[in-house]
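**Q** Let me begin by handing over the structure; questions about it come next.
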Amino acid sequence: MTYEMIITRTEGADARKVGIVTLNRPKQLNALNNQLMDELGSALKAFDADDSVGCIILTGSEKAFAAGADIGAMAQYSFADVYNNDYITRNWEHIRSIRKPVIAAVSGFAVGGGCELAMMCDFIIAADNARFGQPEIKLGIIPGAGGTQRLPRAVGKAKAMELILTGRMMDALEAERAGLVSRVVPLEKLMDEALGAALMICSYGQPSVFAAKEAVNRSFDSGLSDGVMFERRLFHALFATEDQKEGMDAFVNKRKPAFKHR
Ligand code: HXC
């Protein structure tokens, strides 16, 4: 498939590479419209299905990861338009079915649907110029791609409520203090840092990477007892993999593991 609103490429010299998706509507600060979201879903699914890819990075431009859903497109929508066409649910949630880790490398504005898209990723590395917020209230709506659910889980109710009710943006350092982003790095190092993390993930055995992502995600969908039981079952299951034998044998024999991803 050829893309008009995103750019895809891979990086890495080893057998397993990093798939990179760059949102590319610079004049609109990567405002997210239907075509862009269709293309993004298709690219993520293609990388997920590609055995030579071990991890995915989603990024934007220096000025904007994404400034939200496309307001120009939304302005004329009626209730019937959004309800009948299942707006958002139809093509924004592909990312939730991606099994490989997806890292959001965020510089500039990640607001509205842009902040929600970043929060759908597995973790966020932020450049020092990143700004996060949910300004939908200023448009007479509320966040509609999971923001009212994921932001409180990330930063706690008080800060999420304040940001969603006032539309205030927070800078990268506040986002890091609040737990929304895993790390803040200088803008010029953003892609190197994200790639470093992604290549590290690529070097590990795929079953354990899948299991780690599934188990951490489970903590948001279940109570502690169920979550710990889910983790324990996955943990036990990994002892059936060749990679567990290889990883532990390599440690015991002081050599580098050669994972086969099985
Ligand atoms: C459409 C947008 C856009 C958006 C920016 N642009 N954000 N177009 N949808 N969400 C366009 C502007 O109209 C402008 O086009 C160009 O991008 C540059 O933007 P400026 O405003 O000139 O840039 P700047 O002054 O630097 O301000 C940056 C900004 C501001 C603070 C991010 O653009 C802004 O407030 N944008 C809207 C943010 C927002 O409300 N997002 C939430 C959307 S609702 P022209 O043609 O004039 O150059 C949402 C719903 C989520 O996301 C629910 C479901 C997903």
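Just so we're on the same page: first chain in the structure tokens is A, next is B, and so on; residues restart at 1 for each chain, and ligands are numbered from 1 in the order they show up.
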Grab me every residue within 6 Å of ligand 1, counting only C-alpha atoms and all ligand atoms, and send it over as a PyMOL selection string.
**A** chain A and resi 27-29+31+67-72+109+111-113+135-136+143-145
**Q** Give me the residues within 7 Å of region 174-188 of chain A as a PyMOL selection string, counting only C-alpha atoms and dropping any in the same chain fewer than 6 places off.
**A** chain A and resi 107+123-129+154-155
**Q** Going by DSSP on the backbone, which residues of region 9-160 of chain A come out as alpha helix (DSSP H)? List them as an mmCIF file with C-alpha atoms, in the first residue's frame.
**A**
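Saved the output as states_9.cif:
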data_model
loop_
_atom_site.group_PDB
_atom_site.id
_atom_site.type_symbol
_atom_site.label_atom_id
_atom_site.label_comp_id
_atom_site.auth_asym_id
_atom_site.auth_seq_id
_atom_site.Cartn_x
_atom_site.Cartn_y
_atom_site.Cartn_z
ATOM 1 C CA ASN A 34 -9.776 9.281 8.533
ATOM 2 C CA GLN A 35 -7.270 8.725 5.745
ATOM 3 C CA LEU A 36 -4.315 9.151 8.088
ATOM 4 C CA MET A 37 -5.824 6.783 10.651
ATOM 5 C CA ASP A 38 -6.574 4.185 7.943
ATOM 6 C CA GLU A 39 -2.983 4.417 6.722
ATOM 7 C CA LEU A 40 -1.606 4.209 10.258
ATOM 8 C CA GLY A 41 -3.671 1.099 11.007
ATOM 9 C CA SER A 42 -2.499 -0.549 7.809
ATOM 10 C CA ALA A 43 1.180 0.256 8.477
ATOM 11 C CA LEU A 44 1.046 -0.963 12.073
ATOM 12 C CA LYS A 45 -0.607 -4.210 11.015
ATOM 13 C CA ALA A 46 1.982 -4.745 8.281
ATOM 14 C CA PHE A 47 4.873 -4.293 10.729
ATOM 15 C CA ASP A 48 3.130 -6.528 13.256
ATOM 16 C CA ALA A 49 2.868 -9.297 10.648
ATOM 17 C CA ILE A 71 -11.138 19.818 13.560
ATOM 18 C CA GLY A 72 -11.925 20.957 10.018
ATOM 19 C CA ALA A 73 -13.235 17.496 9.182
ATOM 20 C CA MET A 74 -15.142 17.174 12.469
ATOM 21 C CA PHE A 79 -24.589 12.963 15.670
ATOM 22 C CA ALA A 80 -25.858 10.640 12.929
ATOM 23 C CA ASP A 81 -22.549 10.978 11.042
ATOM 24 C CA VAL A 82 -20.368 10.014 13.988
ATOM 25 C CA TYR A 83 -22.715 7.399 15.436
ATOM 26 C CA ASN A 84 -23.606 5.660 12.193
ATOM 27 C CA GLY A 113 -6.447 12.924 19.854
ATOM 28 C CA GLY A 114 -2.649 13.259 19.541
ATOM 29 C CA CYS A 115 -2.217 12.815 23.280
ATOM 30 C CA GLU A 116 -4.715 9.949 23.183
ATOM 31 C CA LEU A 117 -2.834 8.279 20.337
ATOM 32 C CA ALA A 118 0.447 8.585 22.259
ATOM 33 C CA MET A 119 -1.233 7.063 25.316
ATOM 34 C CA MET A 120 -2.420 4.085 23.232
ATOM 35 C CA GLY A 147 -8.361 10.214 27.047
ATOM 36 C CA THR A 148 -10.773 10.310 29.971
ATOM 37 C CA GLN A 149 -9.755 6.720 30.785
ATOM 38 C CA ARG A 150 -6.029 6.531 30.040
ATOM 39 C CA LEU A 151 -4.997 9.958 31.356
ATOM 40 C CA PRO A 152 -6.302 9.336 34.920
ATOM 41 C CA ARG A 153 -4.631 5.938 34.907
ATOM 42 C CA ALA A 154 -1.342 7.572 33.847
ATOM 43 C CA VAL A 155 -1.273 10.746 35.956
ATOM 44 C CA LYS A 157 -7.433 11.653 38.895
ATOM 45 C CA ALA A 158 -6.555 15.140 40.142
ATOM 46 C CA LYS A 159 -4.203 16.123 37.345
ATOM 47 C CA ALA A 160 -6.255 14.353 34.663
#
**Q** To one decimal place in Å, what is the distance between CA of Arg232 (chain A) and CA of Arg96 (chain A)?
**A**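 Rounded to one decimal, the two atoms are 22.6 Å apart.
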**Q** Report the distance between CA of Glu62 (chain A) and CA of Ala172 (chain A) in Å, rounded to one decimal place.
**A** 13.6 Å
**Q** Env of Ser208 (chain A): 12 Å cut, atoms = only C-alpha atoms, seq-sep filter 4 positions within chain, self excluded. Answer as a PyMOL selection string.
**A** chain A and resi 54+99-101+201-204+212-215+231+234-244+247+259-262
**Q** Can I get the selected residues back with C-alpha atoms, as an mmCIF file, in the first residue's frame?
**A**
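Wrote it out as selection.cif, contents follow:
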data_model
loop_
_atom_site.group_PDB
_atom_site.id
_atom_site.type_symbol
_atom_site.label_atom_id
_atom_site.label_comp_id
_atom_site.auth_asym_id
_atom_site.auth_seq_id
_atom_site.Cartn_x
_atom_site.Cartn_y
_atom_site.Cartn_z
ATOM 1 C CA GLY A 54 10.659 -6.714 16.482
ATOM 2 C CA ARG A 99 1.207 -7.385 19.682
ATOM 3 C CA LYS A 100 4.685 -5.944 19.160
ATOM 4 C CA PRO A 101 5.677 -3.068 21.440
ATOM 5 C CA ILE A 201 13.608 -4.851 22.673
ATOM 6 C CA CYS A 202 14.310 -6.386 19.233
ATOM 7 C CA SER A 203 17.307 -8.225 20.691
ATOM 8 C CA TYR A 204 15.144 -10.192 23.148
ATOM 9 C CA ALA A 212 5.636 -8.912 29.061
ATOM 10 C CA LYS A 213 3.409 -6.535 27.082
ATOM 11 C CA GLU A 214 0.298 -8.665 27.625
ATOM 12 C CA ALA A 215 0.961 -9.014 31.337
ATOM 13 C CA GLU A 231 1.209 -12.945 34.849
ATOM 14 C CA LEU A 234 2.445 -16.463 31.182
ATOM 15 C CA PHE A 235 5.586 -16.728 33.301
ATOM 16 C CA HIS A 236 5.097 -20.496 33.608
ATOM 17 C CA ALA A 237 4.377 -20.809 29.893
ATOM 18 C CA LEU A 238 7.675 -19.153 28.963
ATOM 19 C CA PHE A 239 9.464 -22.166 30.460
ATOM 20 C CA ALA A 240 8.128 -24.078 27.438
ATOM 21 C CA THR A 241 10.079 -21.843 25.032
ATOM 22 C CA GLU A 242 13.510 -22.446 23.498
ATOM 23 C CA ASP A 243 14.358 -18.819 24.269
ATOM 24 C CA GLN A 244 14.066 -19.409 28.028
ATOM 25 C CA GLY A 247 18.671 -17.095 27.727
ATOM 26 C CA PHE A 259 17.312 -16.033 20.652
ATOM 27 C CA LYS A 260 15.261 -17.871 18.020
ATOM 28 C CA HIS A 261 11.990 -16.188 18.973
ATOM 29 C CA ARG A 262 10.329 -19.506 19.710
#
**Q** From the list A:Ala66, A:Val209, A:Cys55, A:Ala110, which residue is nearest Ala194 (chain A) when using only C-alpha atoms?
**A**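 Smallest separation from Ala194 (chain A) among the options: A:Cys55.
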**Q** Give me, as a ChimeraX atom specification, the residues of region 40-209 of chain A that a backbone DSSP run labels strand (DSSP E or B).
**A** /A:53-59,64-66,69,102-106,109-111,123-127,131-133,170-171,183-185
**Q** What's the separation between CA of Leu139 (chain A) and CA of Ser78 (chain A), in Å to one decimal place?
**A** 14.5 Å
**Q** In terms of the shortest atom-to-atom distance over only C-alpha atoms, which of A:Ile141, A:Thr22, A:Gly167, A:His94 is closest to Val106 (chain A)?
**A** A:Thr22
**Q** So, with only C-alpha atoms as the atoms that count, which of A:Pro26, A:Leu190, A:Lys17, A:Lys245 lies closest to Glu4 (chain A)?
**A**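 The closest residue to Glu4 (chain A) is A:Pro26.
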**Q** Could you give me, as number ranges by chain, the residues within 7 Å of Leu23 (chain A), counting only C-alpha atoms and dropping anything in the same chain fewer than 2 positions from it?
**A** A: 5-7, 21, 25, 30, 59-60
**Q** Filtering to N, CA and C atoms, could you give me those residues as a PDB file, in the first residue's frame?
**A**
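Saved to part_29.pdb:
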ATOM      1  N   MET A   5      -0.067  10.126   3.941  1.00  0.00           N
ATOM      2  CA  MET A   5      -0.067  10.937   5.168  1.00  0.00           C
ATOM      3  C   MET A   5       0.850  10.386   6.249  1.00  0.00           C
ATOM      4  N   ILE A   6       1.502   9.273   5.949  1.00  0.00           N
ATOM      5  CA  ILE A   6       2.514   8.740   6.867  1.00  0.00           C
ATOM      6  C   ILE A   6       3.709   8.298   6.030  1.00  0.00           C
ATOM      7  N   ILE A   7       4.848   8.139   6.701  1.00  0.00           N
ATOM      8  CA  ILE A   7       6.045   7.594   6.041  1.00  0.00           C
ATOM      9  C   ILE A   7       6.475   6.388   6.865  1.00  0.00           C
ATOM     10  N   VAL A  21       7.019   4.479  11.972  1.00  0.00           N
ATOM     11  CA  VAL A  21       5.936   5.179  11.281  1.00  0.00           C
ATOM     12  C   VAL A  21       6.025   6.655  11.665  1.00  0.00           C
ATOM     13  N   ARG A  25       1.630  15.038   8.094  1.00  0.00           N
ATOM     14  CA  ARG A  25       0.764  16.119   7.567  1.00  0.00           C
ATOM     15  C   ARG A  25       1.276  17.410   8.187  1.00  0.00           C
ATOM     16  N   ASN A  30      -0.019  17.488  11.775  1.00  0.00           N
ATOM     17  CA  ASN A  30      -0.390  16.061  11.866  1.00  0.00           C
ATOM     18  C   ASN A  30      -1.787  15.831  12.436  1.00  0.00           C
ATOM     19  N   THR A  59       6.087   8.216  15.496  1.00  0.00           N
ATOM     20  CA  THR A  59       6.590   9.565  15.771  1.00  0.00           C
ATOM     21  C   THR A  59       5.926  10.576  14.834  1.00  0.00           C
ATOM     22  N   GLY A  60       6.201  11.861  15.080  1.00  0.00           N
ATOM     23  CA  GLY A  60       5.638  12.918  14.245  1.00  0.00           C
ATOM     24  C   GLY A  60       6.742  13.829  13.773  1.00  0.00           C
TER      25      GLY A  60
END
**Q** Please list as an MDAnalysis selection string every residue within 6 Å of Ile56 (chain A), counting only C-alpha atoms and excluding residues in the same chain fewer than 6 positions away.
**A** chainID A and resid 18:20 102
